[in-house]
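Novice: First the structure, which I've put down as C-alpha cells, then a few questions once you've had a look.
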There are 2 protein chains.
Amino acid sequence: MLPEAQARLVVVLIRARNPSNIGAVARAMHDLGYTSLRIVNEYPVPFAAAKSAVDASSVLAAATEHTSLDEALADCTLVLGTTAVGDRALEHPLYLLPQAAPVVTRALASPEAKVALLFGSEKTGLSNDELSHCHALVTIPMNQPEPGRHLSMNLGQAAAVCLYQLVTEPSPEAQPPLPSEETPATAADLTRIHSLFTEVLDESGYTRRHPANSREHAVRRLILRMRLSSADAPVWTGILRQLLHAIRPTK
Amino acid sequence: MLPEAQARLVVVLIRARNPSNIGAVARAMHDLGYTSLRIVNEYPVPFAAAKSAVDASSVLAAATEHTSLDEALADCTLVLGTTAVGDRALEHPLYLLPQAAPVVTRALASPEAKVALLFGSEKTGLSNDELSHCHALVTIPMNQPEPGRHLSMNLGQAAAVCLYQLVTEPSPEAQPPLPSEETPATAADLTRIHSLFTEVLDESGYTRRHPANSREHAVRRLILRMRLSSADAPVWTGILRQLLHAIRPTK
C-alpha cells in the first residue's frame, strides 16, 4: 500500500476499555506508517489515560474522539468490521484477512475513498448495531479451526496483524480503476439516506405492516447493499424527499 | 505453511520480563496454529506468573523452560533473531519479514529441520551474545523510516505479526528440496564443534596471537558461516578431536 493510501485508512476503536490496548494499537500504526486513529467511547476515560502514557505515540496525539459511530465514520466510503467470528450468525460478507487486503487497496485507489477498519471492545467485539454500519467483515485466519472458537489474541495484536497485512499488500496503482467503479458514497451520505428512508417507510405504513424488515439494522444493511455512488447519493436524497412530500401532502 | 511444518517452528522468548507479554505471545501462537514455545530465563518468575494467568493457553501449558540459550536451541537447525534494527552494527544477514518467510518455509521443507525464532527482552532486545547464536536476523518493515528508530510495537504484537507472516507464506512442498540441500546440523552439533574448535585455537596458540578473532562470538559466527550439514558435523567433530590429540600428544 502506498503511504498516500495509508493516510486514508482509518482505524476506529469502539468501546476499547483498556488504555494500554489503545496505546498498543497506536504504536503498531506508528510503526507501520498509519496516521488516522479514531476513538469511539461514551466515556472519555480510557482515551485520556492512553494519551497520558509515557510511550504515547504521535498517532495517539493526533487521534480524534467521537461519541457516536456515525460521527466517526462520516467521511468513510468503505467500512470493514473485524471479528473473531465465533458463533455469531453472519449477515455480512466475511473476508479472511489475506482476501480483504486487495479489497482495501483497490478501494483506496480512488483518491476520494476512505476505508474504516473497526475494532470492537476487548470483551464483546462489535455489537449488532456497530456491525450494521459495516459493508463487510474481516477475520484473521486461524490455523486450528474449532467450532465457535474465538480469537485469543488481544486487541493490540489483532490490530498489528491486520495493519501489517494491509501495508504489505501491493498497491493496485498499475491497474487504473475501471470506469464503472465510481467513488462510493460516504457514511454520512448513507446516514442521511437511512434517516429519510426510515421516515418514508414509517409514513407509508410499511413499518407497521412489515416490522421485521423495518428494524434499524435491517434498513441500514438494505441501504449498504445498494452500494451507492457519491453521484447517486443526492439523487436518492431527492427521491426520498419527494416521496415524503407525496405521502404527507399537508406538510 | 503446513501444520506439520508449523510444529517445527520454535518460538524462543529470552529474558522476557512481563508475564502478560509471554501470555500474549502464547495466545497468538495458539490462534495461528503454532505449538512450540521455549522460555529462556535465569529466573523462573515471569514464566510461572504467565502460566498461572486465567487465560493461559494450551501453548503456554506445553511451553518448556530453559536456563541457557544453548539448551533451548539444541535441536534447531536454523536460528533467526528478531530485531528492531535501530543503530546496532549488523554483523548478520538481515531479512525484512516478507523476505524471511520463504526462507523459513524452505528450511522447514526438510522434515528433520527445526527453525527457531528468537525474541529478546522487551527493553533491550537480543544481546550480542544471543545474536551470535543466530544465522540471520529478521525485522518487521517499518513504513516511515527514521534513522535509528526502534520498533514501538510490544513483544506480543511483534510476535503476532511475525507468526502471521510465516503462517500465510505458501508452503514450498511443490518444489522438492534440491539434492544439494542437505539437512543442516543442529545447534547442539554446532555447540559441540564450537567448544572443540575453541580448545584447538587455545592449544594451538592461535588465541594468544589473534585474540580478536578468537572471541567467543567471532568463533561462533565463523562456525555458523560454515553452514554445516548434519552429515558433516560428526566429520568435523572427528577432525577437531584429532587435531586436539595431535597438539597435546601426552594426553
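If you're wondering about the labels, chains in the C-alpha cells are A, B, ... by order shown, residues count from 1 in each chain, ligands from 1 in order shown.
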Write down, as an NGL selection string, each residue of chain B that has any atom within 8 Å of an atom of chain A, counting only C-alpha atoms.

Specialist: :B and (3 or 24 or 27-28 or 30-33 or 141-144 or 151-154 or 156-158 or 160-161 or 164)

Novice: Pull all heavy atoms from the residues just selected and write them as a short mmCIF file (atom, residue, chain, number, x, y, z; two decimals), in the first residue's frame.

Specialist:
```
data_model
loop_
_atom_site.label_atom_id
_atom_site.label_comp_id
_atom_site.auth_asym_id
_atom_site.auth_seq_id
_atom_site.Cartn_x
_atom_site.Cartn_y
_atom_site.Cartn_z
N PRO B 3 0.58 -27.32 8.64
CA PRO B 3 0.59 -27.56 10.09
C PRO B 3 1.77 -28.41 10.54
O PRO B 3 2.35 -28.16 11.61
CB PRO B 3 -0.74 -28.29 10.32
CG PRO B 3 -1.61 -27.86 9.19
CD PRO B 3 -0.70 -27.62 8.02
N ALA B 24 0.66 -13.23 25.95
CA ALA B 24 0.18 -12.72 24.66
C ALA B 24 0.84 -13.46 23.50
O ALA B 24 0.19 -13.79 22.51
CB ALA B 24 0.45 -11.21 24.55
N ARG B 27 -0.80 -16.79 23.19
CA ARG B 27 -2.15 -16.73 22.61
C ARG B 27 -2.09 -16.54 21.10
O ARG B 27 -2.87 -17.16 20.37
CB ARG B 27 -2.97 -15.62 23.28
CG ARG B 27 -3.45 -16.03 24.68
CD ARG B 27 -4.54 -15.10 25.21
NE ARG B 27 -4.05 -13.74 25.38
CZ ARG B 27 -3.37 -13.32 26.44
NH1 ARG B 27 -3.09 -14.15 27.42
NH2 ARG B 27 -2.95 -12.08 26.51
N ALA B 28 -1.17 -15.70 20.62
CA ALA B 28 -1.03 -15.55 19.16
C ALA B 28 -0.60 -16.87 18.53
O ALA B 28 -1.09 -17.25 17.47
CB ALA B 28 -0.02 -14.44 18.85
N HIS B 30 -1.25 -19.86 19.63
CA HIS B 30 -2.43 -20.72 19.66
C HIS B 30 -3.39 -20.39 18.52
O HIS B 30 -3.83 -21.27 17.78
CB HIS B 30 -3.12 -20.55 21.02
CG HIS B 30 -4.38 -21.36 21.15
ND1 HIS B 30 -5.63 -20.78 21.15
CD2 HIS B 30 -4.58 -22.68 21.26
CE1 HIS B 30 -6.53 -21.72 21.26
NE2 HIS B 30 -5.94 -22.88 21.33
N ASP B 31 -3.68 -19.11 18.36
CA ASP B 31 -4.61 -18.70 17.30
C ASP B 31 -4.10 -19.09 15.92
O ASP B 31 -4.88 -19.44 15.04
CB ASP B 31 -4.80 -17.18 17.32
CG ASP B 31 -5.70 -16.74 18.45
OD1 ASP B 31 -6.36 -17.60 19.05
OD2 ASP B 31 -5.74 -15.53 18.74
N LEU B 32 -2.80 -18.97 15.72
CA LEU B 32 -2.24 -19.16 14.39
C LEU B 32 -1.76 -20.60 14.17
O LEU B 32 -1.26 -20.93 13.10
CB LEU B 32 -1.11 -18.16 14.15
CG LEU B 32 -1.57 -16.68 14.17
CD1 LEU B 32 -0.37 -15.73 14.19
CD2 LEU B 32 -2.45 -16.36 12.97
N GLY B 33 -1.88 -21.45 15.19
CA GLY B 33 -1.61 -22.87 14.99
C GLY B 33 -0.20 -23.33 15.31
O GLY B 33 0.20 -24.41 14.88
N PRO B 141 9.21 -4.71 8.57
CA PRO B 141 9.44 -3.47 7.82
C PRO B 141 8.61 -2.33 8.38
O PRO B 141 7.43 -2.51 8.69
CB PRO B 141 9.00 -3.82 6.39
CG PRO B 141 8.12 -5.01 6.53
CD PRO B 141 8.53 -5.74 7.77
N MET B 142 9.24 -1.18 8.56
CA MET B 142 8.52 -0.02 9.05
C MET B 142 8.34 0.95 7.89
O MET B 142 9.23 1.11 7.07
CB MET B 142 9.27 0.62 10.20
CG MET B 142 9.28 -0.30 11.42
SD MET B 142 9.88 0.49 12.91
CE MET B 142 11.64 0.45 12.60
N ASN B 143 7.19 1.56 7.84
CA ASN B 143 6.87 2.34 6.66
C ASN B 143 7.32 3.78 6.70
O ASN B 143 7.22 4.49 5.72
CB ASN B 143 5.36 2.28 6.39
CG ASN B 143 5.09 1.65 5.06
OD1 ASN B 143 5.86 0.78 4.65
ND2 ASN B 143 4.05 2.07 4.37
N GLN B 144 7.76 4.22 7.87
CA GLN B 144 8.25 5.59 7.97
C GLN B 144 9.68 5.54 8.46
O GLN B 144 9.93 5.69 9.65
CB GLN B 144 7.40 6.37 8.97
CG GLN B 144 5.95 6.47 8.56
CD GLN B 144 5.16 7.27 9.57
OE1 GLN B 144 5.24 7.03 10.77
NE2 GLN B 144 4.41 8.24 9.11
N LEU B 151 11.41 -0.10 16.82
CA LEU B 151 10.03 -0.54 16.76
C LEU B 151 9.35 -0.15 18.07
O LEU B 151 9.90 -0.37 19.14
CB LEU B 151 10.04 -2.06 16.61
CG LEU B 151 8.87 -2.72 15.92
CD1 LEU B 151 8.83 -2.30 14.46
CD2 LEU B 151 9.03 -4.23 16.00
N SER B 152 8.15 0.39 17.99
CA SER B 152 7.48 0.69 19.24
C SER B 152 6.37 -0.32 19.55
O SER B 152 5.78 -0.27 20.61
CB SER B 152 6.94 2.12 19.24
OG SER B 152 6.04 2.32 18.18
N MET B 153 6.11 -1.25 18.63
CA MET B 153 5.19 -2.36 18.95
C MET B 153 5.72 -3.13 20.15
O MET B 153 6.93 -3.21 20.35
CB MET B 153 5.16 -3.35 17.78
CG MET B 153 4.10 -3.08 16.76
SD MET B 153 3.99 -4.48 15.62
CE MET B 153 4.48 -3.67 14.10
N ASN B 154 4.81 -3.70 20.92
CA ASN B 154 5.27 -4.51 22.03
C ASN B 154 5.58 -5.94 21.58
O ASN B 154 5.33 -6.32 20.43
CB ASN B 154 4.28 -4.45 23.20
CG ASN B 154 2.94 -5.11 22.88
OD1 ASN B 154 2.89 -6.12 22.16
ND2 ASN B 154 1.87 -4.55 23.40
N GLY B 156 4.27 -8.83 22.27
CA GLY B 156 3.13 -9.63 21.82
C GLY B 156 2.71 -9.28 20.40
O GLY B 156 2.37 -10.15 19.60
N GLN B 157 2.74 -8.00 20.09
CA GLN B 157 2.37 -7.55 18.74
C GLN B 157 3.40 -7.98 17.70
O GLN B 157 3.05 -8.48 16.63
CB GLN B 157 2.24 -6.03 18.71
CG GLN B 157 1.04 -5.50 19.46
CD GLN B 157 1.00 -3.99 19.48
OE1 GLN B 157 1.91 -3.34 20.01
NE2 GLN B 157 -0.04 -3.41 18.89
N ALA B 158 4.68 -7.78 18.03
CA ALA B 158 5.74 -8.14 17.07
C ALA B 158 5.70 -9.64 16.79
O ALA B 158 5.82 -10.08 15.63
CB ALA B 158 7.10 -7.73 17.63
N ALA B 160 3.07 -11.64 17.07
CA ALA B 160 1.85 -11.94 16.30
C ALA B 160 2.07 -11.63 14.82
O ALA B 160 1.70 -12.43 13.95
CB ALA B 160 0.66 -11.15 16.85
N VAL B 161 2.69 -10.49 14.53
CA VAL B 161 2.92 -10.10 13.13
C VAL B 161 3.88 -11.09 12.46
O VAL B 161 3.61 -11.56 11.34
CB VAL B 161 3.47 -8.66 13.06
CG1 VAL B 161 4.02 -8.35 11.67
CG2 VAL B 161 2.37 -7.66 13.41
N TYR B 164 2.15 -14.46 11.97
CA TYR B 164 1.12 -14.36 10.93
C TYR B 164 1.76 -14.41 9.54
O TYR B 164 1.30 -15.12 8.66
CB TYR B 164 0.31 -13.07 11.11
CG TYR B 164 -0.66 -12.86 9.97
CD1 TYR B 164 -1.85 -13.57 9.92
CD2 TYR B 164 -0.37 -11.98 8.94
CE1 TYR B 164 -2.72 -13.41 8.86
CE2 TYR B 164 -1.25 -11.81 7.88
CZ TYR B 164 -2.42 -12.53 7.85
OH TYR B 164 -3.28 -12.37 6.79
#
```

Novice: Which residues are near Ala72 (chain B)? Cut-off 10 Å, only C-alpha atoms, ignore same chain within fewer than 4 positions. Put them as a list in words.

Specialist: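 Contacts, with the query itself left out: Val10, Val11, Val12, Leu13, Ile14, Leu37, Arg38, Ile39, Val40, Thr64, Glu65, His66, Thr67, Ser68, Cys76, Ala116, Ala187 and Ala188 of chain B.
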
Novice: Residues of region 9-100 of chain A in alpha helix (DSSP H) according to DSSP, as a PyMOL selection string?

Specialist: chain A and resi 19-32+45-51+58-62+69-73+97-100

Novice: Could you save the residues just selected, with N, CA, C and O atoms, as a compact mmCIF listing (two decimals), in the first residue's frame?

Specialist:
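After the write, out37.txt holds the following:
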```
# COMPACT_ATOMS: atom_id res chain seq x y z
N PRO A 19 -6.69 1.23 28.45
CA PRO A 19 -5.85 2.27 27.84
C PRO A 19 -4.59 1.70 27.22
O PRO A 19 -4.13 2.18 26.18
N SER A 20 -4.02 0.63 27.82
CA SER A 20 -2.78 0.11 27.25
C SER A 20 -3.04 -0.54 25.89
O SER A 20 -2.17 -0.55 25.02
N ASN A 21 -4.27 -1.04 25.65
CA ASN A 21 -4.59 -1.56 24.33
C ASN A 21 -4.69 -0.44 23.30
O ASN A 21 -4.24 -0.60 22.16
N ILE A 22 -5.28 0.67 23.69
CA ILE A 22 -5.36 1.81 22.77
C ILE A 22 -3.95 2.27 22.41
O ILE A 22 -3.63 2.50 21.24
N GLY A 23 -3.09 2.34 23.42
CA GLY A 23 -1.70 2.73 23.17
C GLY A 23 -1.00 1.73 22.26
O GLY A 23 -0.24 2.13 21.36
N ALA A 24 -1.26 0.45 22.46
CA ALA A 24 -0.60 -0.57 21.64
C ALA A 24 -1.05 -0.47 20.18
O ALA A 24 -0.24 -0.59 19.26
N VAL A 25 -2.33 -0.23 19.94
CA VAL A 25 -2.82 -0.06 18.57
C VAL A 25 -2.12 1.15 17.93
O VAL A 25 -1.66 1.08 16.79
N ALA A 26 -2.03 2.24 18.67
CA ALA A 26 -1.39 3.46 18.13
C ALA A 26 0.07 3.20 17.80
O ALA A 26 0.58 3.68 16.78
N ARG A 27 0.75 2.42 18.63
CA ARG A 27 2.17 2.16 18.36
C ARG A 27 2.34 1.30 17.12
O ARG A 27 3.23 1.55 16.30
N ALA A 28 1.48 0.30 16.94
CA ALA A 28 1.56 -0.51 15.72
C ALA A 28 1.28 0.36 14.50
O ALA A 28 1.94 0.24 13.47
N MET A 29 0.31 1.26 14.61
CA MET A 29 0.02 2.16 13.48
C MET A 29 1.24 3.00 13.16
O MET A 29 1.62 3.16 11.99
N HIS A 30 1.87 3.53 14.19
CA HIS A 30 3.06 4.37 14.01
C HIS A 30 4.17 3.59 13.30
O HIS A 30 4.76 4.05 12.32
N ASP A 31 4.43 2.38 13.79
CA ASP A 31 5.50 1.57 13.19
C ASP A 31 5.23 1.28 11.72
O ASP A 31 6.15 1.24 10.91
N LEU A 32 3.97 1.03 11.41
CA LEU A 32 3.62 0.57 10.06
C LEU A 32 3.23 1.72 9.15
O LEU A 32 2.93 1.51 7.97
N VAL A 45 -12.68 8.37 29.48
CA VAL A 45 -11.62 7.96 30.41
C VAL A 45 -10.49 7.13 29.76
O VAL A 45 -9.33 7.48 29.89
N PRO A 46 -10.80 6.03 29.04
CA PRO A 46 -9.69 5.20 28.56
C PRO A 46 -8.78 5.96 27.61
O PRO A 46 -7.57 5.79 27.63
N PHE A 47 -9.37 6.80 26.79
CA PHE A 47 -8.58 7.53 25.82
C PHE A 47 -7.65 8.52 26.52
O PHE A 47 -6.47 8.62 26.20
N ALA A 48 -8.19 9.24 27.51
CA ALA A 48 -7.36 10.20 28.25
C ALA A 48 -6.19 9.48 28.91
O ALA A 48 -5.04 9.95 28.86
N ALA A 49 -6.45 8.32 29.50
CA ALA A 49 -5.38 7.57 30.16
C ALA A 49 -4.35 7.11 29.15
O ALA A 49 -3.14 7.18 29.40
N ALA A 50 -4.79 6.65 27.99
CA ALA A 50 -3.85 6.18 26.96
C ALA A 50 -2.99 7.33 26.47
O ALA A 50 -1.79 7.18 26.25
N LYS A 51 -3.61 8.49 26.30
CA LYS A 51 -2.87 9.65 25.80
C LYS A 51 -1.79 10.10 26.78
O LYS A 51 -0.78 10.67 26.37
N SER A 58 2.90 9.62 18.33
CA SER A 58 2.33 10.76 17.62
C SER A 58 0.95 10.42 17.05
O SER A 58 0.10 11.28 16.92
N VAL A 59 0.74 9.14 16.74
CA VAL A 59 -0.57 8.72 16.22
C VAL A 59 -1.65 8.98 17.28
O VAL A 59 -2.72 9.50 16.98
N LEU A 60 -1.30 8.65 18.52
CA LEU A 60 -2.27 8.82 19.60
C LEU A 60 -2.54 10.31 19.85
O LEU A 60 -3.67 10.71 20.09
N ALA A 61 -1.47 11.10 19.74
CA ALA A 61 -1.64 12.53 19.96
C ALA A 61 -2.59 13.14 18.94
O ALA A 61 -3.33 14.07 19.24
N ALA A 62 -2.58 12.58 17.72
CA ALA A 62 -3.41 13.12 16.65
C ALA A 62 -4.77 12.43 16.56
O ALA A 62 -5.60 12.80 15.73
N LEU A 69 -20.67 6.40 16.53
CA LEU A 69 -20.01 5.75 15.41
C LEU A 69 -20.36 6.47 14.11
O LEU A 69 -19.50 6.62 13.22
N ASP A 70 -21.60 6.94 13.99
CA ASP A 70 -22.00 7.73 12.82
C ASP A 70 -21.01 8.87 12.57
O ASP A 70 -20.57 9.10 11.44
N GLU A 71 -20.70 9.58 13.66
CA GLU A 71 -19.79 10.72 13.54
C GLU A 71 -18.40 10.26 13.13
O GLU A 71 -17.77 10.84 12.25
N ALA A 72 -17.93 9.16 13.74
CA ALA A 72 -16.57 8.69 13.46
C ALA A 72 -16.42 8.22 12.01
O ALA A 72 -15.35 8.28 11.43
N LEU A 73 -17.52 7.74 11.43
CA LEU A 73 -17.46 7.16 10.08
C LEU A 73 -17.91 8.12 8.99
O LEU A 73 -17.91 7.74 7.81
N LEU A 97 -8.49 -12.29 6.28
CA LEU A 97 -7.62 -11.11 6.17
C LEU A 97 -6.83 -11.05 4.85
O LEU A 97 -6.78 -9.98 4.22
N PRO A 98 -6.20 -12.15 4.39
CA PRO A 98 -5.46 -12.04 3.13
C PRO A 98 -6.35 -11.69 1.93
O PRO A 98 -5.88 -11.06 0.99
N GLN A 99 -7.64 -12.08 2.00
CA GLN A 99 -8.55 -11.73 0.91
C GLN A 99 -9.01 -10.28 1.02
O GLN A 99 -9.35 -9.64 0.03
N ALA A 100 -9.06 -9.78 2.25
CA ALA A 100 -9.54 -8.41 2.47
C ALA A 100 -8.53 -7.38 1.97
O ALA A 100 -8.90 -6.29 1.53
```

Novice: Just the number, please: distance in Å from CA of Asp232 (chain A) to CA of Thr82 (chain A), one decimal.

Specialist: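 Here the two named atoms are 28.1 Å from each other.
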
Novice: List every residue of region 18-240 of chain A that DSSP, applied to the backbone of this structure, places in strand (DSSP E), and write the result as a PyMOL selection string.

Specialist: chain A and resi 36-40+64-66+78-82+94-96+115-119+136-139
